[in-house]
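Read through the structure below, which is laid out as structure tokens, and then see the notes.
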2 protein chains.
Amino acid sequence: MAKAVKHRAIFTALQTAIVSGHHQPGGRLPSEEALCRRWHVSRPTVRRALRDLQHARLVDIRAGSGCYVCDQVPTRHPTFALLVASLGTTEILDPIGAEINRAAHAAGGTVSSAPLPADGAAAGELAREWARRGTCGVIFAPLEHAADRECRNLELTAALRAAGLAVVLVDRDAAEFPSRSAFDVVALDNFHAGYLLGRHLADCGARRVVFTAKPEYPPSTDLRLAGARAGLLGNGGRQLAFKVGDPRDPAFTVSVCGVRANCDAVICSNDLTAAQLLQAATNSGRQVPRDFLLVGFDDVSYASLLSTPLTTIHQPCAAIGSACIQTLLERRQHPDTPPRTILLTGELIIRASTTR
Amino acid sequence: MAKAVKHRAIFTALQTAIVSGHHQPGGRLPSEEALCRRWHVSRPTVRRALRDLQHARLVDIRAGSGCYVCDQVPTRHPTFALLVASLGTTEILDPIGAEINRAAHAAGGTVSSAPLPADGAAAGELAREWARRGTCGVIFAPLEHAADRECRNLELTAALRAAGLAVVLVDRDAAEFPSRSAFDVVALDNFHAGYLLGRHLADCGARRVVFTAKPEYPPSTDLRLAGARAGLLGNGGRQLAFKVGDPRDPAFTVSVCGVRANCDAVICSNDLTAAQLLQAATNSGRQVPRDFLLVGFDDVSYASLLSTPLTTIHQPCAAIGSACIQTLLERRQHPDTPPRTILLTGELIIRASTTR
DNA sequence: ATCATAAACCTGTAATTACAGGTTTATGGC
DNA sequence: GCCATAAACCTGTAATTACAGGTTTATGAT
């Protein structure tokens, strides 16, 4: 227990009464004299407590009128909401989510998570619930790998915005490139990452390279592809083909890296695709890196544990997490500045899949 | 003059004495009783002023010891330094600089500018001078169009960092792509801008397109090129050639858009290049948009005033300016988080040069 | 010279009193 | 019913007094 200091006791009591919602926002506190009687103290003592509350931006003291609770109570421990659409399918969002958690705690806050709302009505419900509980804002990883993803993503972000919540998108935009949603996006610099892989393959002597992605690939893949193209063709590579298909389909795998494909190296749009392609190729007698080089993106947990450890781009998860929290807090302060894209630089991790 | 309120007068007097450096950081203020005698007021009055100073984080009151000036005085009017290497050559930096000024004033600060230091020693001198005067940080537009630009840019940023100044780069990175300097970069989303132009030309029916840039083009041109390629080839365009040369050289102009070049449209890496190409083409009897379409980047002041008003990408100068100031203030708070690339979205401005 | 102690000094808390001045509301005239 | 006015109410400023308790420094013993 702290020292029994009267003005401090009054401050604390009023503070908890305010943050607990006992005094509703905009409501008037008892007059100074009333507080004097209630606490059996003198007016300067009450005033001291009230001025401290004012400096803490919890109350607004108006001369002649009274002491009013501030409309927006600055939460001492801000709560952030995390909404990840594709948990499980994009493994990289798990470590990013963990880093968002860590960054939130470093900022003195907490993160509450929620499953993806099924439809617009459920999204509105969830958004209003979060707003009601004084949530600072929402970090949303938009849905990918779904035909109606853009529609659902926009529906969801619209619901969040309608509830007055600040929103930061992580990993990709909610709108399809080249459209741009009205929200900040925090992501890996996909073009740069692609460039690093393209140049690396060119340095390894690759000439005929294939870039593969699964059907309904997200827009970030386009940036990875463009970067890979620039990095490859600008550094001695001759050819980059883009092939869409599922690596679990043998016909597709053969067309990409079969003997007759005459292909030096394969860039997969992410590590999962690369892992599946590696397995399929191994099963059909093709070896990495002997027969072709293989690279992925994201550096997921098992990238180094594959039968041939995978060269890939390490996502700066910690930097992404702290950028999310920081951008969200900033966006709360300045709701009207145009949306920003915040890119973090990935790191090329060279493993056996490109080491002959 | 404000109301003659004693505690406020004492607060103001002490505040100005502190920020002006009359009381040096860490130094002790006169005791409360001494201030009472000096101001002919009672102790509660003096205490009121001191507590307000404490809440303003200007002083630190230690029981039994005294009232000490805080080590780092939070500047009420932060000063930012603006260092633009290539004034005059890249016209777009003038409006961006103006918007940086505006954003700084909106944040209650001021901007001081300086000519580019000639060498490393002069840079170190300037950086130390800024640090001595309590400058918040430096917004630096790295040098472009010079053979030794990367060396000089890195020398300069190293000097700024050595002086302990926060640095934000505007328009482009100091290091050459795909290298990445250790500083935040605020810039147009060049890839996205290129994509918009490429898609627009494809929509206009262009098939064989040339992208031109002057020799020693900056790295942002690579991104514009990659974006244009993605936007063109992904939307019906067939061919994008990249040609480097000076549009004031007739031979180069003819090779780009002469009759025998068989070229649908020309993308210039910026509006100045486009304006010069337009003039050269007109002089040799080629007309825009009749004979070929022409687009640029930046939307400089005269883009709409050319003989054929120019389709281009409007740079979000205001958004870039406010992002610079905000990023600089943030970077001061968190000096150790990894560098970020903050991209703002440009807008396609369609004018006569692509309207048949 | 060193160390423990006490004095001097300084801030922390609190009650009391007094008056100035802004805000709200009730009152009363129209 | 409307409006001006005054009363009631509330906060703003300020002086005075009193004592508690932490910090620094000077003093004096060892």
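Labels for the structure tokens follow display order: chains A, B, ..., residues from 1 in each chain, ligands from 1.
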Which of region 270-305 of chain A fall in alpha helix (DSSP H), as a PyMOL selection string = chain A and resi 271-283
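Identical in sequence, chain B and chain A superpose with a Cα RMSD of 0.8 Å when all alpha carbons are matched in order.
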Listing only residues of chain C within 7 Å of chain A, what is the closest atom pair and its distance in Å (to one decimal) for each, using only C-alpha atoms (C1' of nucleotides), sorted by chain and residue number ascending, as CSV?
```
residue,atom,partner,partner_atom,distance
C:DA14,C1',A:Thr45,CA,7.0
C:DA15,C1',A:Ser42,CA,6.1
C:DG22,C1',A:Gly64,CA,4.6
C:DT23,C1',A:Gly64,CA,4.8
```
Saved selection, atoms kept: N, CA and C atoms (P, O5', C5', C4', C3', O3' and C1' of nucleotides), as a PDB file, in the first residue's frame:
```pdb
ATOM      1  P    DA C  14      -2.404  14.975   2.090  1.00  0.00           P
ATOM      2  O5'  DA C  14      -2.942  16.218   2.916  1.00  0.00           O
ATOM      3  C5'  DA C  14      -2.681  16.288   4.310  1.00  0.00           C
ATOM      4  C4'  DA C  14      -3.157  17.612   4.851  1.00  0.00           C
ATOM      5  C3'  DA C  14      -4.462  18.125   4.253  1.00  0.00           C
ATOM      6  O3'  DA C  14      -5.482  18.026   5.248  1.00  0.00           O
ATOM      7  C1'  DA C  14      -2.865  19.861   4.582  1.00  0.00           C
ATOM      8  P    DA C  15      -6.973  18.400   4.913  1.00  0.00           P
ATOM      9  O5'  DA C  15      -7.117  19.717   5.798  1.00  0.00           O
ATOM     10  C5'  DA C  15      -6.650  19.699   7.130  1.00  0.00           C
ATOM     11  C4'  DA C  15      -6.744  21.091   7.726  1.00  0.00           C
ATOM     12  C3'  DA C  15      -8.080  21.799   7.470  1.00  0.00           C
ATOM     13  O3'  DA C  15      -8.576  22.355   8.672  1.00  0.00           O
ATOM     14  C1'  DA C  15      -6.274  23.146   6.719  1.00  0.00           C
ATOM     15  P    DG C  22     -15.147  36.855 -15.709  1.00  0.00           P
ATOM     16  O5'  DG C  22     -15.657  35.453 -16.274  1.00  0.00           O
ATOM     17  C5'  DG C  22     -14.800  34.316 -16.236  1.00  0.00           C
ATOM     18  C4'  DG C  22     -15.619  33.056 -16.045  1.00  0.00           C
ATOM     19  C3'  DG C  22     -16.825  32.941 -16.968  1.00  0.00           C
ATOM     20  O3'  DG C  22     -16.886  31.632 -17.511  1.00  0.00           O
ATOM     21  C1'  DG C  22     -17.525  32.721 -14.727  1.00  0.00           C
ATOM     22  P    DT C  23     -17.965  31.289 -18.628  1.00  0.00           P
ATOM     23  O5'  DT C  23     -19.093  30.528 -17.816  1.00  0.00           O
ATOM     24  C5'  DT C  23     -18.731  29.434 -16.993  1.00  0.00           C
ATOM     25  C4'  DT C  23     -19.971  28.757 -16.428  1.00  0.00           C
ATOM     26  C3'  DT C  23     -21.149  28.646 -17.386  1.00  0.00           C
ATOM     27  O3'  DT C  23     -21.653  27.318 -17.306  1.00  0.00           O
ATOM     28  C1'  DT C  23     -21.851  29.694 -15.401  1.00  0.00           C
TER      29       DT C  23
END
```
*Find the residues of chain D in contact range of chain B, meaning any atom within 8 Å when counting only C-alpha atoms (C1' of nucleotides), and list them as a VMD selection string.*
chain D and resid 13 to 15 22 to 24
Write the residues you've just listed into a file as a tab-separated table (two decimals), in the first residue's frame, and include N, CA and C atoms (P, O5', C5', C4', C3', O3' and C1' of nucleotides) for each of them.
```tsv
chain	number	residue	atom	x	y	z
D	13	DT	P	-6.23	30.18	-11.99
D	13	DT	O5'	-6.04	31.16	-10.76
D	13	DT	C5'	-6.42	32.52	-10.87
D	13	DT	C4'	-6.14	33.25	-9.59
D	13	DT	C3'	-4.74	33.03	-9.02
D	13	DT	O3'	-4.10	34.28	-8.88
D	13	DT	C1'	-6.40	32.78	-7.34
D	14	DA	P	-2.56	34.34	-8.59
D	14	DA	O5'	-2.55	34.45	-7.01
D	14	DA	C5'	-3.27	35.49	-6.37
D	14	DA	C4'	-3.25	35.28	-4.87
D	14	DA	C3'	-1.95	34.74	-4.31
D	14	DA	O3'	-1.33	35.77	-3.54
D	14	DA	C1'	-3.84	33.74	-3.29
D	15	DA	P	0.10	35.59	-2.94
D	15	DA	O5'	-0.25	35.64	-1.39
D	15	DA	C5'	-1.14	36.64	-0.92
D	15	DA	C4'	-1.51	36.35	0.52
D	15	DA	C3'	-0.32	35.98	1.42
D	15	DA	O3'	-0.37	36.73	2.63
D	15	DA	C1'	-2.01	34.32	1.54
D	22	DG	P	11.13	10.10	4.83
D	22	DG	O5'	12.05	10.48	3.59
D	22	DG	C5'	11.46	11.02	2.41
D	22	DG	C4'	12.39	12.02	1.76
D	22	DG	C3'	13.84	11.54	1.62
D	22	DG	O3'	14.31	11.84	0.33
D	22	DG	C1'	13.78	13.62	2.75
D	23	DT	P	15.75	11.31	-0.12
D	23	DT	O5'	16.65	12.59	0.01
D	23	DT	C5'	16.25	13.81	-0.62
D	23	DT	C4'	17.33	14.86	-0.46
D	23	DT	C3'	18.76	14.38	-0.64
D	23	DT	O3'	19.41	15.28	-1.51
D	23	DT	C1'	18.54	15.54	1.41
D	24	DT	P	20.87	14.94	-2.05
D	24	DT	O5'	21.71	16.06	-1.28
D	24	DT	C5'	21.23	17.40	-1.28
D	24	DT	C4'	21.94	18.21	-0.22
D	24	DT	C3'	23.48	18.06	-0.23
D	24	DT	O3'	24.05	19.34	-0.39
D	24	DT	C1'	22.60	17.87	1.96
```
Each residue of chain B lying at most 7 Å from chain A should get a row with its shortest atom-to-atom pair and the distance in Å to one decimal, counting only C-alpha atoms; could you produce that, ordered by chain and increasing number, as JSON lines?
```
{"residue": "B:Pro178", "atom": "CA", "partner": "A:His192", "partner_atom": "CA", "distance": 6.6}
{"residue": "B:His192", "atom": "CA", "partner": "A:Pro178", "partner_atom": "CA", "distance": 6.6}
{"residue": "B:Ala226", "atom": "CA", "partner": "A:Ala226", "partner_atom": "CA", "distance": 6.4}
{"residue": "B:Ala230", "atom": "CA", "partner": "A:Ala226", "partner_atom": "CA", "distance": 6.8}
{"residue": "B:Ala319", "atom": "CA", "partner": "A:Pro338", "partner_atom": "CA", "distance": 6.2}
{"residue": "B:Thr337", "atom": "CA", "partner": "A:Ala319", "partner_atom": "CA", "distance": 6.8}
{"residue": "B:Pro338", "atom": "CA", "partner": "A:Ala319", "partner_atom": "CA", "distance": 6.2}
{"residue": "B:Arg340", "atom": "CA", "partner": "A:Leu344", "partner_atom": "CA", "distance": 5.4}
{"residue": "B:Thr341", "atom": "CA", "partner": "A:Leu343", "partner_atom": "CA", "distance": 4.8}
{"residue": "B:Ile342", "atom": "CA", "partner": "A:Ile342", "partner_atom": "CA", "distance": 4.5}
{"residue": "B:Leu343", "atom": "CA", "partner": "A:Thr341", "partner_atom": "CA", "distance": 4.8}
{"residue": "B:Leu344", "atom": "CA", "partner": "A:Arg340", "partner_atom": "CA", "distance": 5.4}
```
Students should find that CA of Ala202 (chain A) and CA of Leu197 (chain B) are spaced 28.7 Å
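Distances from B:His23, B:Arg8, B:His200, B:Lys243 to Val46 (chain B) were compared using only C-alpha atoms, and the smallest one belongs to B:Arg8.
Excluding DC19 (chain D) and any residue on its chain fewer than 2 positions from it, the residues at most 10 Å away by only C-alpha atoms (C1' of nucleotides) are DT13 and DA14 of chain C; DT17 and DG21 of chain D.
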What's around DA26 (chain C) at 10 Å? Count only C-alpha atoms (C1' of nucleotides), leave out sequence neighbours fewer than 2 positions away in its own chain, and write the answer as a ChimeraX atom specification. /C:24,28 /D:6-8
- Query: Could you pull the residues within 9 Å of Pro78 (chain B), counting only C-alpha atoms (C1' of nucleotides), minus those fewer than 3 positions along the same chain, as a ChimeraX atom specification?
  - Reply: /B:74-75,104,107-111,134-136
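Relative to CA of Gly285 (chain B), CA of Ser353 (chain B) is found at 15.7 Å.
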CA of Arg224 (chain B) to CA of Asn190 (chain B) measures 5.0 Å
#### Entry: Exercise: DC3 (chain C) partners within 12 Å, only C-alpha atoms (C1' of nucleotides), chain neighbours under 3 positions left out, as a ChimeraX atom specification
/D:27-30
Write out as a PyMOL selection string which residues come within 12 Å of Val256 (chain B) when counting only C-alpha atoms (C1' of nucleotides), dropping same-chain ones fewer than 5 positions away.
chain B and resi 208-213+240-247+249-251+261-268+274+277-278+280-281+286+292+294
Let's see if you can do this: from backbone DSSP, list all strand (DSSP E) residues in region 78-308 of chain A, as a JSON list (two decimals) with N, CA and C atoms, in the first residue's frame.
```
[["chain", "number", "residue", "atom", "x", "y", "z"],
["A", 79, "THR", "N", -5.72, -0.98, -25.70],
["A", 79, "THR", "CA", -5.95, -2.32, -26.22],
["A", 79, "THR", "C", -6.02, -2.26, -27.73],
["A", 80, "PHE", "N", -5.34, -3.19, -28.36],
["A", 80, "PHE", "CA", -5.35, -3.28, -29.80],
["A", 80, "PHE", "C", -6.10, -4.56, -30.18],
["A", 81, "ALA", "N", -6.77, -4.50, -31.30],
["A", 81, "ALA", "CA", -7.47, -5.69, -31.78],
["A", 81, "ALA", "C", -6.72, -6.24, -32.98],
["A", 82, "LEU", "N", -6.60, -7.54, -33.01],
["A", 82, "LEU", "CA", -5.89, -8.20, -34.11],
["A", 82, "LEU", "C", -6.85, -9.11, -34.84],
["A", 83, "LEU", "N", -6.93, -8.90, -36.13],
["A", 83, "LEU", "CA", -7.89, -9.65, -36.93],
["A", 83, "LEU", "C", -7.11, -10.26, -38.09],
["A", 84, "VAL", "N", -6.88, -11.54, -38.01],
["A", 84, "VAL", "CA", -6.12, -12.22, -39.06],
["A", 84, "VAL", "C", -7.06, -13.13, -39.83],
["A", 110, "THR", "N", -2.34, -4.09, -24.61],
["A", 110, "THR", "CA", -2.66, -5.50, -24.75],
["A", 110, "THR", "C", -3.33, -5.71, -26.10],
["A", 111, "VAL", "N", -3.30, -6.95, -26.55],
["A", 111, "VAL", "CA", -3.90, -7.29, -27.83],
["A", 111, "VAL", "C", -5.02, -8.28, -27.59],
["A", 112, "SER", "N", -6.17, -7.98, -28.15],
["A", 112, "SER", "CA", -7.25, -8.97, -28.13],
["A", 112, "SER", "C", -7.48, -9.42, -29.56],
["A", 113, "SER", "N", -7.71, -10.70, -29.70],
["A", 113, "SER", "CA", -7.85, -11.28, -31.04],
["A", 113, "SER", "C", -9.28, -11.74, -31.22],
["A", 114, "ALA", "N", -9.65, -11.96, -32.45],
["A", 114, "ALA", "CA", -11.00, -12.42, -32.73],
["A", 114, "ALA", "C", -10.99, -13.24, -34.00],
["A", 137, "GLY", "N", -7.52, 0.56, -31.78],
["A", 137, "GLY", "CA", -7.59, 0.38, -33.22],
["A", 137, "GLY", "C", -7.41, -1.08, -33.58],
["A", 138, "VAL", "N", -7.52, -1.35, -34.85],
["A", 138, "VAL", "CA", -7.51, -2.74, -35.32],
["A", 138, "VAL", "C", -6.36, -2.95, -36.29],
["A", 139, "ILE", "N", -5.64, -4.03, -36.08],
["A", 139, "ILE", "CA", -4.63, -4.46, -37.04],
["A", 139, "ILE", "C", -5.23, -5.65, -37.79],
["A", 140, "PHE", "N", -5.36, -5.48, -39.09],
["A", 140, "PHE", "CA", -6.12, -6.44, -39.88],
["A", 140, "PHE", "C", -5.24, -6.99, -40.99],
["A", 141, "ALA", "N", -5.13, -8.30, -41.03],
["A", 141, "ALA", "CA", -4.42, -8.97, -42.13],
["A", 141, "ALA", "C", -5.47, -9.46, -43.11],
["A", 166, "ALA", "N", -9.57, 3.11, -35.68],
["A", 166, "ALA", "CA", -8.40, 3.24, -36.54],
["A", 166, "ALA", "C", -8.03, 1.85, -37.06],
["A", 167, "VAL", "N", -7.56, 1.80, -38.29],
["A", 167, "VAL", "CA", -7.26, 0.51, -38.92],
["A", 167, "VAL", "C", -5.88, 0.56, -39.54],
["A", 168, "VAL", "N", -5.10, -0.48, -39.31],
["A", 168, "VAL", "CA", -3.84, -0.66, -40.02],
["A", 168, "VAL", "C", -3.86, -2.05, -40.64],
["A", 169, "LEU", "N", -3.57, -2.12, -41.91],
["A", 169, "LEU", "CA", -3.53, -3.41, -42.59],
["A", 169, "LEU", "C", -2.11, -3.94, -42.54],
["A", 170, "VAL", "N", -1.98, -5.22, -42.34],
["A", 170, "VAL", "CA", -0.66, -5.81, -42.27],
["A", 170, "VAL", "C", -0.50, -6.87, -43.34],
["A", 184, "ASP", "N", -3.69, 2.57, -43.83],
["A", 184, "ASP", "CA", -2.25, 2.35, -43.85],
["A", 184, "ASP", "C", -1.97, 0.86, -44.02],
["A", 185, "VAL", "N", -0.88, 0.58, -44.71],
["A", 185, "VAL", "CA", -0.47, -0.80, -44.91],
["A", 185, "VAL", "C", 0.96, -0.96, -44.39],
["A", 186, "VAL", "N", 1.18, -1.95, -43.55],
["A", 186, "VAL", "CA", 2.52, -2.28, -43.08],
["A", 186, "VAL", "C", 2.89, -3.63, -43.66],
["A", 187, "ALA", "N", 3.99, -3.70, -44.37],
["A", 187, "ALA", "CA", 4.30, -4.94, -45.06],
["A", 187, "ALA", "C", 5.79, -5.05, -45.34],
["A", 188, "LEU", "N", 6.18, -6.26, -45.73],
["A", 188, "LEU", "CA", 7.50, -6.48, -46.29],
["A", 188, "LEU", "C", 7.62, -5.71, -47.60],
["A", 208, "ARG", "N", 17.39, -19.39, -67.11],
["A", 208, "ARG", "CA", 15.97, -19.59, -67.41],
["A", 208, "ARG", "C", 15.26, -19.91, -66.09],
["A", 209, "VAL", "N", 14.50, -18.96, -65.62],
["A", 209, "VAL", "CA", 13.89, -19.06, -64.29],
["A", 209, "VAL", "C", 12.37, -19.04, -64.42],
["A", 210, "VAL", "N", 11.72, -19.82, -63.54],
["A", 210, "VAL", "CA", 10.25, -19.82, -63.49],
["A", 210, "VAL", "C", 9.82, -19.27, -62.14],
["A", 211, "PHE", "N", 8.84, -18.40, -62.17],
["A", 211, "PHE", "CA", 8.22, -17.90, -60.93],
["A", 211, "PHE", "C", 6.85, -18.56, -60.83],
["A", 212, "THR", "N", 6.60, -19.27, -59.73],
["A", 212, "THR", "CA", 5.31, -19.97, -59.61],
["A", 212, "THR", "C", 4.52, -19.43, -58.43],
["A", 213, "ALA", "N", 3.20, -19.45, -58.62],
["A", 213, "ALA", "CA", 2.29, -19.09, -57.53],
["A", 213, "ALA", "C", 1.05, -19.94, -57.66],
["A", 239, "GLN", "N", 15.65, -15.00, -68.82],
["A", 239, "GLN", "CA", 14.25, -15.30, -69.06],
["A", 239, "GLN", "C", 13.57, -15.56, -67.72],
["A", 240, "LEU", "N", 12.37, -14.97, -67.54],
["A", 240, "LEU", "CA", 11.59, -15.28, -66.35],
["A", 240, "LEU", "C", 10.17, -15.56, -66.79],
["A", 241, "ALA", "N", 9.73, -16.79, -66.59],
["A", 241, "ALA", "CA", 8.36, -17.16, -66.92],
["A", 241, "ALA", "C", 7.53, -17.17, -65.65],
["A", 242, "PHE", "N", 6.25, -16.84, -65.80],
["A", 242, "PHE", "CA", 5.35, -16.82, -64.64],
["A", 242, "PHE", "C", 4.33, -17.92, -64.86],
["A", 243, "LYS", "N", 4.30, -18.89, -63.96],
["A", 243, "LYS", "CA", 3.37, -20.01, -64.11],
["A", 243, "LYS", "C", 2.52, -20.16, -62.85],
["A", 244, "VAL", "N", 1.23, -20.21, -63.06],
["A", 244, "VAL", "CA", 0.28, -20.33, -61.96],
["A", 244, "VAL", "C", -0.24, -21.76, -61.89],
["A", 265, "ALA", "N", 16.07, -22.53, -62.44],
["A", 265, "ALA", "CA", 15.73, -22.17, -61.06],
["A", 265, "ALA", "C", 14.26, -21.86, -60.96],
["A", 266, "VAL", "N", 13.70, -22.09, -59.78],
["A", 266, "VAL", "CA", 12.29, -21.81, -59.55],
["A", 266, "VAL", "C", 12.16, -20.88, -58.35],
["A", 267, "ILE", "N", 11.41, -19.82, -58.56],
["A", 267, "ILE", "CA", 11.06, -18.92, -57.45],
["A", 267, "ILE", "C", 9.61, -19.20, -57.09],
["A", 268, "CYS", "N", 9.35, -19.56, -55.85],
["A", 268, "CYS", "CA", 7.97, -19.78, -55.43],
["A", 268, "CYS", "C", 7.50, -18.56, -54.65],
["A", 293, "LEU", "N", 17.71, -24.75, -59.05],
["A", 293, "LEU", "CA", 17.74, -24.00, -57.78],
["A", 293, "LEU", "C", 16.31, -23.71, -57.36],
["A", 294, "LEU", "N", 16.11, -23.53, -56.06],
["A", 294, "LEU", "CA", 14.76, -23.28, -55.56],
["A", 294, "LEU", "C", 14.81, -22.23, -54.46],
["A", 295, "VAL", "N", 13.94, -21.26, -54.56],
["A", 295, "VAL", "CA", 13.87, -20.23, -53.51],
["A", 295, "VAL", "C", 12.41, -19.93, -53.19]]
```
